[in-house]
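**Q** entry-v7.tsv (TSV, C-alpha atoms and all ligand atoms) pasted underneath:
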```tsv
chain	number	residue	atom	x	y	z
A	1	MET	CA	0.00	0.00	0.00
A	2	PHE	CA	2.78	2.43	0.89
A	3	GLN	CA	5.31	2.94	-1.89
A	4	GLN	CA	9.02	2.57	-1.08
A	5	LEU	CA	11.27	5.40	-2.36
A	6	ASP	CA	14.94	5.00	-3.26
A	7	PHE	CA	16.63	7.97	-1.59
A	8	SER	CA	19.94	7.39	-3.43
A	9	VAL	CA	18.28	9.20	-6.36
A	10	PHE	CA	18.72	12.41	-4.33
A	11	HIS	CA	22.45	12.20	-5.05
A	12	SER	CA	21.91	11.65	-8.79
A	13	ASP	CA	23.47	14.05	-11.32
A	14	ASN	CA	20.20	14.07	-13.19
A	15	ALA	CA	18.42	17.17	-11.85
A	16	ALA	CA	14.98	16.06	-13.07
A	17	GLU	CA	15.26	12.69	-11.31
A	18	ARG	CA	16.45	14.40	-8.15
A	19	GLU	CA	13.56	16.87	-8.16
A	20	GLY	CA	11.15	14.04	-8.91
A	21	LEU	CA	12.33	12.16	-5.82
A	22	CYS	CA	11.98	15.30	-3.66
A	23	SER	CA	8.42	15.90	-4.79
A	24	GLN	CA	7.44	12.24	-4.37
A	25	LEU	CA	8.89	12.31	-0.87
A	26	VAL	CA	6.94	15.42	0.10
A	27	SER	CA	3.79	14.04	-1.51
A	28	ASN	CA	4.06	10.88	0.65
A	29	LEU	CA	4.67	12.97	3.76
A	30	LYS	CA	1.64	15.14	2.95
A	31	GLN	CA	-0.62	12.14	2.42
A	32	PHE	CA	0.47	9.87	5.24
A	33	GLY	CA	2.79	11.79	7.59
A	34	PHE	CA	5.55	9.29	6.81
A	35	ALA	CA	7.46	7.72	3.93
A	36	ARG	CA	9.23	4.40	3.38
A	37	LEU	CA	12.80	4.96	2.19
A	38	VAL	CA	15.76	2.81	1.25
A	39	ASN	CA	19.36	3.92	0.68
A	40	VAL	CA	19.25	6.97	2.95
A	41	GLY	CA	23.07	6.97	3.10
A	42	ILE	CA	23.64	4.67	6.08
A	43	PRO	CA	25.79	1.65	5.08
A	44	LEU	CA	23.88	-1.61	5.54
A	45	GLY	CA	26.73	-3.04	7.61
A	46	ASP	CA	26.36	-0.13	10.05
A	47	ILE	CA	22.66	-0.92	10.46
A	48	ASP	CA	23.44	-4.63	11.07
A	49	ARG	CA	26.05	-3.68	13.64
A	50	ALA	CA	23.74	-1.23	15.43
A	51	PHE	CA	21.02	-3.90	15.77
A	52	GLU	CA	23.53	-6.51	16.95
A	53	ILE	CA	25.07	-4.25	19.59
A	54	SER	CA	21.64	-3.19	20.77
A	55	ARG	CA	20.56	-6.85	21.06
A	56	VAL	CA	23.66	-7.76	23.07
A	57	PHE	CA	23.02	-4.84	25.46
A	58	PHE	CA	19.37	-5.69	26.10
A	59	GLN	CA	20.27	-9.34	26.72
A	60	LEU	CA	22.55	-8.36	29.62
A	61	PRO	CA	21.28	-8.99	33.15
A	62	LEU	CA	19.13	-6.14	34.47
A	63	SER	CA	21.77	-5.31	37.10
A	64	GLU	CA	24.31	-4.62	34.30
A	65	LYS	CA	21.87	-2.54	32.25
A	66	LEU	CA	21.04	-0.47	35.34
A	67	LYS	CA	24.67	0.66	35.58
A	68	SER	CA	23.86	3.43	33.06
A	69	PRO	CA	20.34	4.40	34.13
A	70	HIS	CA	18.13	7.11	32.68
A	71	PRO	CA	17.56	9.64	35.49
A	72	PRO	CA	14.13	9.47	37.14
A	73	THR	CA	13.17	12.73	35.39
A	74	ALA	CA	12.48	13.43	31.71
A	75	ASN	CA	15.81	15.30	31.34
A	76	PRO	CA	18.48	14.58	30.43
A	77	HIS	CA	16.89	12.07	28.07
A	78	ARG	CA	19.88	9.74	28.21
A	79	GLY	CA	20.65	6.22	29.40
A	80	TYR	CA	18.74	3.01	30.03
A	81	SER	CA	15.03	2.88	30.93
A	82	ALA	CA	13.85	-0.51	32.21
A	83	PHE	CA	10.56	-2.20	31.32
A	84	GLY	CA	7.61	-0.20	32.70
A	85	ILE	CA	9.49	3.07	33.35
A	86	GLU	CA	8.33	5.22	30.45
A	87	ASN	CA	4.66	5.37	29.43
A	88	VAL	CA	4.01	7.24	26.23
A	89	SER	CA	0.22	7.11	26.60
A	90	ALA	CA	0.63	9.86	29.24
A	91	ILE	CA	1.24	12.23	26.32
A	92	SER	CA	-0.81	10.34	23.77
A	93	ASN	CA	-3.58	12.85	23.35
A	94	HIS	CA	-1.40	15.84	22.45
A	95	GLY	CA	-3.16	17.73	19.67
A	96	THR	CA	-6.43	15.82	20.08
A	97	CYS	CA	-9.40	16.34	22.36
A	98	ILE	CA	-9.78	12.64	23.08
A	99	ALA	CA	-9.09	11.36	26.60
A	100	ARG	CA	-7.21	8.06	26.52
A	101	PRO	CA	-6.78	5.41	29.18
A	102	LEU	CA	-3.26	4.97	30.50
A	103	LEU	CA	-1.86	2.05	28.55
A	104	LYS	CA	1.42	0.68	29.86
A	105	ASP	CA	4.31	0.43	27.39
A	106	MET	CA	5.91	-3.03	27.29
A	107	LYS	CA	9.42	-1.96	26.34
A	108	GLU	CA	12.90	-1.12	27.55
A	109	SER	CA	14.99	1.53	25.83
A	110	TYR	CA	18.31	3.35	25.71
A	111	ASP	CA	18.57	7.04	24.84
A	112	ILE	CA	21.69	8.59	23.36
A	113	GLY	CA	22.53	12.15	22.35
A	114	SER	CA	25.15	13.68	20.11
A	115	GLN	CA	28.68	13.88	21.48
A	116	GLU	CA	28.57	17.44	20.08
A	117	ASP	CA	25.55	18.43	22.22
A	118	ALA	CA	26.66	21.26	24.50
A	119	LEU	CA	23.69	20.92	26.89
A	120	TYR	CA	23.64	17.26	27.92
A	121	ASP	CA	26.34	14.62	28.30
A	122	ASN	CA	25.70	11.06	27.31
A	123	ILE	CA	25.22	8.31	29.86
A	124	TRP	CA	27.21	5.33	28.57
A	125	PRO	CA	27.54	1.80	29.96
A	126	PRO	CA	30.63	1.89	32.22
A	127	PRO	CA	33.82	0.05	31.14
A	128	GLY	CA	33.41	-3.71	31.19
A	129	VAL	CA	29.64	-3.76	30.69
A	130	HIS	CA	29.48	-3.64	26.88
A	131	ASP	CA	32.60	-1.99	25.48
A	132	ALA	CA	31.52	-1.97	21.84
A	133	PHE	CA	28.43	0.11	22.67
A	134	GLN	CA	29.84	3.64	23.01
A	135	PRO	CA	32.13	3.66	19.93
A	136	ALA	CA	29.49	1.99	17.75
A	137	PHE	CA	26.70	4.39	18.64
A	138	THR	CA	28.93	7.48	18.58
A	139	SER	CA	29.75	6.61	15.00
A	140	PHE	CA	26.21	5.51	14.06
A	141	PHE	CA	24.93	8.84	15.43
A	142	SER	CA	27.22	10.83	13.12
A	143	THR	CA	26.17	8.75	10.12
A	144	CYS	CA	22.49	9.35	10.94
A	145	TYR	CA	23.19	13.09	11.24
A	146	ARG	CA	24.65	13.20	7.73
A	147	ALA	CA	21.64	11.30	6.37
A	148	GLN	CA	19.34	13.69	8.27
A	149	LEU	CA	20.88	16.74	6.56
A	150	SER	CA	20.37	15.23	3.09
A	151	ILE	CA	16.76	14.31	3.88
A	152	LEU	CA	16.07	17.81	5.23
A	153	LYS	CA	17.46	19.25	1.99
A	154	ALA	CA	15.23	16.94	-0.04
A	155	ILE	CA	12.17	18.01	1.96
A	156	SER	CA	13.05	21.70	1.51
A	157	ILE	CA	13.36	21.21	-2.25
A	158	GLY	CA	10.09	19.27	-2.37
A	159	LEU	CA	8.38	22.15	-0.58
A	160	ALA	CA	9.88	24.68	-3.02
A	161	LEU	CA	11.96	26.26	-0.25
A	162	PRO	CA	15.66	27.12	-0.67
A	163	GLU	CA	17.65	23.88	-0.20
A	164	GLN	CA	19.32	24.91	3.10
A	165	THR	CA	16.13	26.16	4.78
A	166	LEU	CA	15.66	23.20	7.12
A	167	SER	CA	19.24	21.93	7.42
A	168	GLN	CA	20.48	25.29	8.70
A	169	LEU	CA	18.02	25.02	11.61
A	170	HIS	CA	19.78	21.80	12.71
A	171	THR	CA	23.40	22.79	13.32
A	172	GLU	CA	23.47	22.44	17.14
A	173	GLN	CA	22.88	18.69	17.25
A	174	ALA	CA	20.05	18.45	19.75
A	175	ASN	CA	19.24	15.16	17.97
A	176	GLU	CA	18.62	11.90	19.82
A	177	LEU	CA	18.99	8.21	19.12
A	178	ARG	CA	16.83	5.62	20.84
A	179	LEU	CA	17.29	1.86	20.92
A	180	THR	CA	14.18	-0.05	21.92
A	181	HIS	CA	13.61	-3.67	22.84
A	182	TYR	CA	10.07	-4.96	23.15
A	183	PRO	CA	10.39	-8.31	25.01
A	184	THR	CA	8.38	-11.41	24.18
A	185	VAL	CA	5.04	-11.02	25.93
A	186	PRO	CA	1.84	-13.04	26.28
A	187	ARG	CA	-0.63	-12.09	23.56
A	188	GLY	CA	-3.30	-11.45	26.23
A	189	ASP	CA	-1.24	-8.60	27.71
A	190	PHE	CA	-2.21	-6.46	24.74
A	191	SER	CA	-5.70	-6.13	26.22
A	192	HIS	CA	-4.38	-3.73	28.89
A	193	SER	CA	-0.91	-2.78	27.61
A	194	THR	CA	0.82	-1.97	24.36
A	195	ARG	CA	4.36	-1.84	22.97
A	196	ILE	CA	4.43	1.93	22.57
A	197	ALA	CA	1.24	3.94	22.87
A	198	ALA	CA	0.02	6.23	20.10
A	199	HIS	CA	2.00	9.45	19.82
A	200	THR	CA	3.58	11.88	17.43
A	201	ASP	CA	7.35	12.39	17.59
A	202	PHE	CA	8.37	15.81	18.94
A	203	GLY	CA	11.26	16.65	16.67
A	204	THR	CA	11.55	17.54	12.99
A	205	ILE	CA	11.84	14.10	11.38
A	206	THR	CA	12.47	10.57	12.69
A	207	LEU	CA	14.50	7.93	10.89
A	208	LEU	CA	13.11	4.64	12.19
A	209	PHE	CA	14.66	1.22	11.59
A	210	GLN	CA	12.90	-1.93	12.74
A	211	ASP	CA	13.39	-5.67	12.57
A	212	ASP	CA	10.88	-7.79	10.64
A	213	VAL	CA	8.47	-8.58	13.49
A	214	GLY	CA	5.99	-5.84	12.61
A	215	GLY	CA	3.36	-4.12	14.73
A	216	LEU	CA	4.12	-0.53	13.71
A	217	GLN	CA	0.88	1.25	12.87
A	218	VAL	CA	-0.02	4.76	11.74
A	219	GLU	CA	-3.27	6.63	12.29
A	220	LEU	CA	-5.04	7.03	8.97
A	221	PRO	CA	-6.90	9.17	8.21
A	222	SER	CA	-5.30	11.59	10.62
A	223	GLY	CA	-7.46	12.14	13.72
A	224	SER	CA	-9.71	9.14	12.96
A	225	GLY	CA	-8.48	6.91	15.79
A	226	LYS	CA	-8.04	4.14	13.18
A	227	PHE	CA	-4.60	2.57	12.88
A	228	VAL	CA	-3.25	0.94	9.73
A	229	ASP	CA	-0.35	-1.54	9.73
A	230	ILE	CA	2.91	-0.49	8.12
A	231	ALA	CA	4.30	-3.87	7.05
A	232	SER	CA	7.97	-4.09	7.97
A	233	GLY	CA	10.33	-3.82	5.03
A	234	GLY	CA	13.12	-5.17	7.25
A	235	ARG	CA	15.97	-3.44	9.04
A	236	TYR	CA	17.40	-1.72	5.94
A	237	GLU	CA	14.22	0.21	5.31
A	238	CYS	CA	13.96	3.63	6.93
A	239	ILE	CA	10.52	4.79	7.97
A	240	LEU	CA	10.70	8.56	7.84
A	241	ASN	CA	8.17	10.17	10.19
A	242	VAL	CA	7.14	13.81	10.18
A	243	GLY	CA	7.54	15.18	13.73
A	244	ASP	CA	5.70	18.02	15.43
A	245	CYS	CA	8.33	20.69	14.68
A	246	LEU	CA	8.24	20.03	10.93
A	247	HIS	CA	4.47	20.18	11.19
A	248	LEU	CA	4.57	23.59	12.89
A	249	TRP	CA	7.07	24.93	10.35
A	250	THR	CA	5.51	23.59	7.18
A	251	GLY	CA	2.01	22.29	7.81
A	252	LEU	CA	3.05	18.74	6.79
A	253	ARG	CA	1.14	16.48	9.17
A	254	SER	CA	3.02	14.65	11.88
A	255	ALA	CA	2.43	10.90	11.83
A	256	ARG	CA	0.49	9.59	14.85
A	257	HIS	CA	1.86	6.10	15.30
A	258	ARG	CA	2.14	3.26	17.79
A	259	VAL	CA	3.50	-0.26	18.06
A	260	HIS	CA	0.85	-2.81	18.90
A	261	LEU	CA	0.11	-6.45	18.04
A	262	PRO	CA	1.75	-7.45	14.74
A	263	ALA	CA	-0.77	-8.16	11.99
A	264	SER	CA	-1.61	-11.85	11.81
A	265	GLY	CA	0.44	-13.69	9.23
A	266	ASN	CA	3.33	-11.35	9.94
A	267	ALA	CA	6.73	-12.51	11.11
A	268	GLY	CA	5.53	-11.82	14.67
A	269	LYS	CA	4.19	-15.33	14.59
A	270	THR	CA	7.06	-17.46	13.38
A	271	ALA	CA	7.02	-21.22	12.92
A	272	ASP	CA	8.49	-21.92	16.33
A	273	SER	CA	6.69	-19.23	18.29
A	274	GLU	CA	3.77	-20.23	20.46
A	275	ASP	CA	0.39	-18.87	19.49
A	276	ASP	CA	-0.07	-17.30	22.87
A	277	VAL	CA	3.09	-15.16	22.86
A	278	VAL	CA	4.20	-12.31	20.65
A	279	ASP	CA	7.84	-12.36	19.53
A	280	GLU	CA	10.32	-9.85	20.87
A	281	ARG	CA	11.01	-6.86	18.64
A	282	TYR	CA	13.92	-4.41	18.22
A	283	SER	CA	13.89	-0.92	16.72
A	284	ILE	CA	16.29	2.00	16.40
A	285	ALA	CA	14.90	5.52	16.07
A	286	TYR	CA	16.96	8.61	15.29
A	287	PHE	CA	15.09	11.82	16.14
A	288	ALA	CA	16.30	14.87	14.24
A	289	LYS	CA	15.58	17.88	16.44
A	290	PRO	CA	15.88	21.59	15.70
A	291	ASN	CA	18.41	23.89	17.33
A	292	ARG	CA	16.91	24.65	20.74
A	293	SER	CA	16.87	28.39	20.06
A	294	ALA	CA	15.11	28.00	16.67
A	295	SER	CA	11.71	29.66	16.44
A	296	LEU	CA	8.81	27.45	15.41
A	297	ARG	CA	7.38	30.23	13.27
A	298	PRO	CA	5.79	28.87	10.06
A	299	LEU	CA	8.22	28.85	7.12
A	300	LEU	CA	5.65	28.71	4.35
A	301	GLN	CA	3.17	31.46	3.59
A	302	ASP	CA	0.21	29.15	3.99
A	303	ALA	CA	1.53	27.04	6.87
A	304	GLY	CA	-0.30	29.18	9.41
A	305	ALA	CA	-1.44	32.62	8.45
A	306	ARG	CA	-0.72	34.14	11.85
A	307	ALA	CA	-0.49	37.84	12.60
A	308	GLU	CA	2.84	39.63	12.78
A	309	GLY	CA	3.87	40.41	16.34
A	310	VAL	CA	2.78	36.97	17.61
A	311	SER	CA	5.57	35.31	19.53
A	312	TYR	CA	6.38	31.73	18.67
A	313	MET	CA	7.70	29.04	20.95
A	314	THR	CA	11.31	28.02	20.50
A	315	ALA	CA	12.04	24.41	19.66
A	316	GLY	CA	13.71	24.02	23.09
A	317	GLU	CA	10.58	25.20	24.90
A	318	PHE	CA	8.45	22.92	22.76
A	319	GLN	CA	10.60	19.85	23.52
A	320	GLN	CA	10.33	20.57	27.27
A	321	MET	CA	6.59	20.86	27.05
A	322	ARG	CA	6.21	17.60	25.13
A	323	ILE	CA	8.60	15.42	27.09
A	324	SER	CA	7.38	16.29	30.57
A	325	GLY	CA	5.03	13.59	31.77
A	326	THR	CA	6.66	10.64	30.04
A	327	TYR	CA	8.75	9.74	33.10
B	1	LIG	O1	9.65	0.88	17.80
B	1	LIG	C1	9.14	1.50	16.88
B	1	LIG	O2	8.99	1.01	15.76
B	1	LIG	C2	8.62	2.89	17.09
B	1	LIG	C3	9.24	3.62	18.24
B	1	LIG	C4	8.72	5.01	18.34
B	1	LIG	O3	7.75	5.37	17.74
B	1	LIG	C5	9.42	5.99	19.20
B	1	LIG	O4	10.31	5.61	19.98
B	1	LIG	O5	9.07	7.19	19.10
B	2	FE	FE	7.62	7.51	17.65
```
Please express the file's structure as structure tokens.
Ligand SMILES: O=C(O)CCC(=O)C(=O)O
Ligand SMILES: [Fe+2]

**A**
Amino acid sequence: MFQQLDFSVFHSDNAAEREGLCSQLVSNLKQFGFARLVNVGIPLGDIDRAFEISRVFFQLPLSEKLKSPHPPTANPHRGYSAFGIENVSAISNHGTCIARPLLKDMKESYDIGSQEDALYDNIWPPPGVHDAFQPAFTSFFSTCYRAQLSILKAISIGLALPEQTLSQLHTEQANELRLTHYPTVPRGDFSHSTRIAAHTDFGTITLLFQDDVGGLQVELPSGSGKFVDIASGGRYECILNVGDCLHLWTGLRSARHRVHLPASGNAGKTADSEDDVVDERYSIAYFAKPNRSASLRPLLQDAGARAEGVSYMTAGEFQQMRISGTY
């Protein structure tokens, strides 16, 4: 149902092909709030390595994982959060008027920032816990940042804005990388819990990589409360989500998404898995976030015809507002 776009075309010498890719990308983002991309500029071996290192970390005993804990507050958003600590449904109804029950998230995660971020230091596993982790994710982070800048250029071109419009709002590296492990759980637990509750991402764009278990769903049509499965294209496919900041700047809709039960017939139910359990799942999400001082004033004429003299929130203020409540 959702077309897969080959992002390598963005680097083509053929200007018409390049522009065609940019407009197809923006057209997908307009219609669905997300796009399925391949070849975003992250070597496949780097993606394999990131998943492998993440898997090894989450398989460590809890006592080892808790040696680099996320603080008990929303900030700094760094380090390991054990199963049951973060509940995204607390912020699930942002932008809607619908009250939602508190659904518990059945996941554990690890949040990482840029080594270049002047505001927050990373919280890394201490020496001896998982020594490949820090160098691998420091390097993976930089690779994602380069891919982010190309994608932001492509979106600017697709919106008929000067090419640097969005990338120049992302020089400070307030970006974040999140590794998530959703453990094997009894199928029945989905009656009162979920893997990650419905939400929109707070940043500009998200580059999401997932294994082939499935369960990622997007709300379509927007605001309907109906969720449609996005079949997994495997770990080399990048699901590009529109986040709230890109929405405020450009009017492109941010994708409301969640991870719930995989569709039946999906790899979530493999030959050797029991019918009454749902297979574990791994994902890696890179959240491109604006410079904290950047104003969220609409960039396009028609993105929000607001009066001059109105003051707009900065991206930093917006992130604070959105993250509070998740921990
Ligand atoms: O695990 C996934 O596929 C999605 C995770 C997600 O939406 C998030 O962390 O914001
Ligand atoms: Fe998300």

**Q** Of the candidates A:Gln59, A:Gln210, A:Gln4, A:Ser150, which one gets nearest to ligand LIG 1 (chain B) if we count all atoms listed in the file?

**A** A:Gln210

**Q** Within 12 Å of ligand FE 2 (chain B), which residues of chain A come that close, and what is the closest atom pair and distance in Å for each? Count all atoms listed in the file and give it as a tab-separated table.

**A**
```
residue	atom	partner	partner_atom	distance
A:Gly33	CA	B:FE2	FE	12.0
A:Phe34	CA	B:FE2	FE	11.2
A:Val88	CA	B:FE2	FE	9.3
A:Ser89	CA	B:FE2	FE	11.6
A:Ile91	CA	B:FE2	FE	11.8
A:Ser92	CA	B:FE2	FE	10.8
A:Leu177	CA	B:FE2	FE	11.5
A:Arg178	CA	B:FE2	FE	9.9
A:Leu179	CA	B:FE2	FE	11.7
A:Thr180	CA	B:FE2	FE	10.9
A:Arg195	CA	B:FE2	FE	11.2
A:Ile196	CA	B:FE2	FE	8.1
A:Ala197	CA	B:FE2	FE	9.0
A:Ala198	CA	B:FE2	FE	8.1
A:His199	CA	B:FE2	FE	6.3
A:Thr200	CA	B:FE2	FE	6.0
A:Asp201	CA	B:FE2	FE	4.9
A:Phe202	CA	B:FE2	FE	8.4
A:Gly203	CA	B:FE2	FE	9.9
A:Thr204	CA	B:FE2	FE	11.7
A:Ile205	CA	B:FE2	FE	10.0
A:Thr206	CA	B:FE2	FE	7.6
A:Leu207	CA	B:FE2	FE	9.7
A:Leu208	CA	B:FE2	FE	8.3
A:Phe209	CA	B:FE2	FE	11.2
A:Gln210	CA	B:FE2	FE	11.9
A:Leu216	CA	B:FE2	FE	9.6
A:Gln217	CA	B:FE2	FE	10.4
A:Val218	CA	B:FE2	FE	10.0
A:Ile239	CA	B:FE2	FE	10.5
A:Leu240	CA	B:FE2	FE	10.3
A:Asn241	CA	B:FE2	FE	7.9
A:Val242	CA	B:FE2	FE	9.8
A:Gly243	CA	B:FE2	FE	8.6
A:Asp244	CA	B:FE2	FE	10.9
A:Ser254	CA	B:FE2	FE	10.3
A:Ala255	CA	B:FE2	FE	8.5
A:Arg256	CA	B:FE2	FE	7.9
A:His257	CA	B:FE2	FE	6.4
A:Arg258	CA	B:FE2	FE	6.9
A:Val259	CA	B:FE2	FE	8.8
A:Ser283	CA	B:FE2	FE	10.5
A:Ile284	CA	B:FE2	FE	10.3
A:Ala285	CA	B:FE2	FE	7.7
A:Tyr286	CA	B:FE2	FE	9.7
A:Phe287	CA	B:FE2	FE	8.8
A:Ala288	CA	B:FE2	FE	11.9
```

**Q** Write out as a list in words each polymer residue whose atoms come within 10 Å of Asp121 of chain A, counting all atoms listed in the file; drop sequence neighbours fewer than 4 positions from it.

**A** Pro76, His77, Arg78, Ile112, Gly113, Ser114, Gln115, Glu116 and Asp117 of chain A

**Q** Restricting it to C-alpha atoms, dump the selection as an mmCIF file, in the frame of the given file.

**A**
```cif
data_model
loop_
_atom_site.group_PDB
_atom_site.id
_atom_site.type_symbol
_atom_site.label_atom_id
_atom_site.label_comp_id
_atom_site.auth_asym_id
_atom_site.auth_seq_id
_atom_site.Cartn_x
_atom_site.Cartn_y
_atom_site.Cartn_z
ATOM 1 C CA PRO A 76 18.480 14.580 30.430
ATOM 2 C CA HIS A 77 16.890 12.070 28.070
ATOM 3 C CA ARG A 78 19.880 9.740 28.210
ATOM 4 C CA ILE A 112 21.690 8.590 23.360
ATOM 5 C CA GLY A 113 22.530 12.150 22.350
ATOM 6 C CA SER A 114 25.150 13.680 20.110
ATOM 7 C CA GLN A 115 28.680 13.880 21.480
ATOM 8 C CA GLU A 116 28.570 17.440 20.080
ATOM 9 C CA ASP A 117 25.550 18.430 22.220
#
```

**Q** Hey, which of A:Ala294, A:Leu21, A:Leu261, A:Ala132 ends up closest to Ser167 of chain A? Count only C-alpha atoms.

**A** A:Ala294

**Q** Report, in Å to a single decimal, how far apart atom CA of Phe141 of chain A and atom CA of Ser68 of chain A are.

**A**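 We find that atom CA of Ser68 of chain A and atom CA of Phe141 of chain A lie 18.5 Å from each other.
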
**Q** Enter the distance from atom CA of Leu159 of chain A to atom CA of Thr171 of chain A, in Å, rounded to one decimal.

**A** 20.5 Å

**Q** Please provide as number ranges by chain all residues within 9 Å of Ser232 of chain A, with the sequence filter that same-chain residues fewer than 5 positions apart are discarded (counting only C-alpha atoms).

**A** A: 210-216, 237, 266

**Q** For each of A:Ser109, A:Ser222, A:Ser295, A:Gly316, take the minimum atom-to-atom distance to ligand LIG 1 (chain B), counting all atoms listed in the file, then give the residue where this is smallest.

**A**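 Under the stated criterion, the closest residue is A:Ser109.
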
**Q** Please enclose the listed atoms of ligand LIG 1 (chain B) in an axis-aligned box, pad each side by 5 Å, and write out the centre and the three edge lengths in Å, rounded to one decimal, as AutoDock Vina command-line options.

**A**
```
--center_x 9.0 --center_y 4.0 --center_z 17.9 --size_x 12.6 --size_y 16.3 --size_z 14.2
```
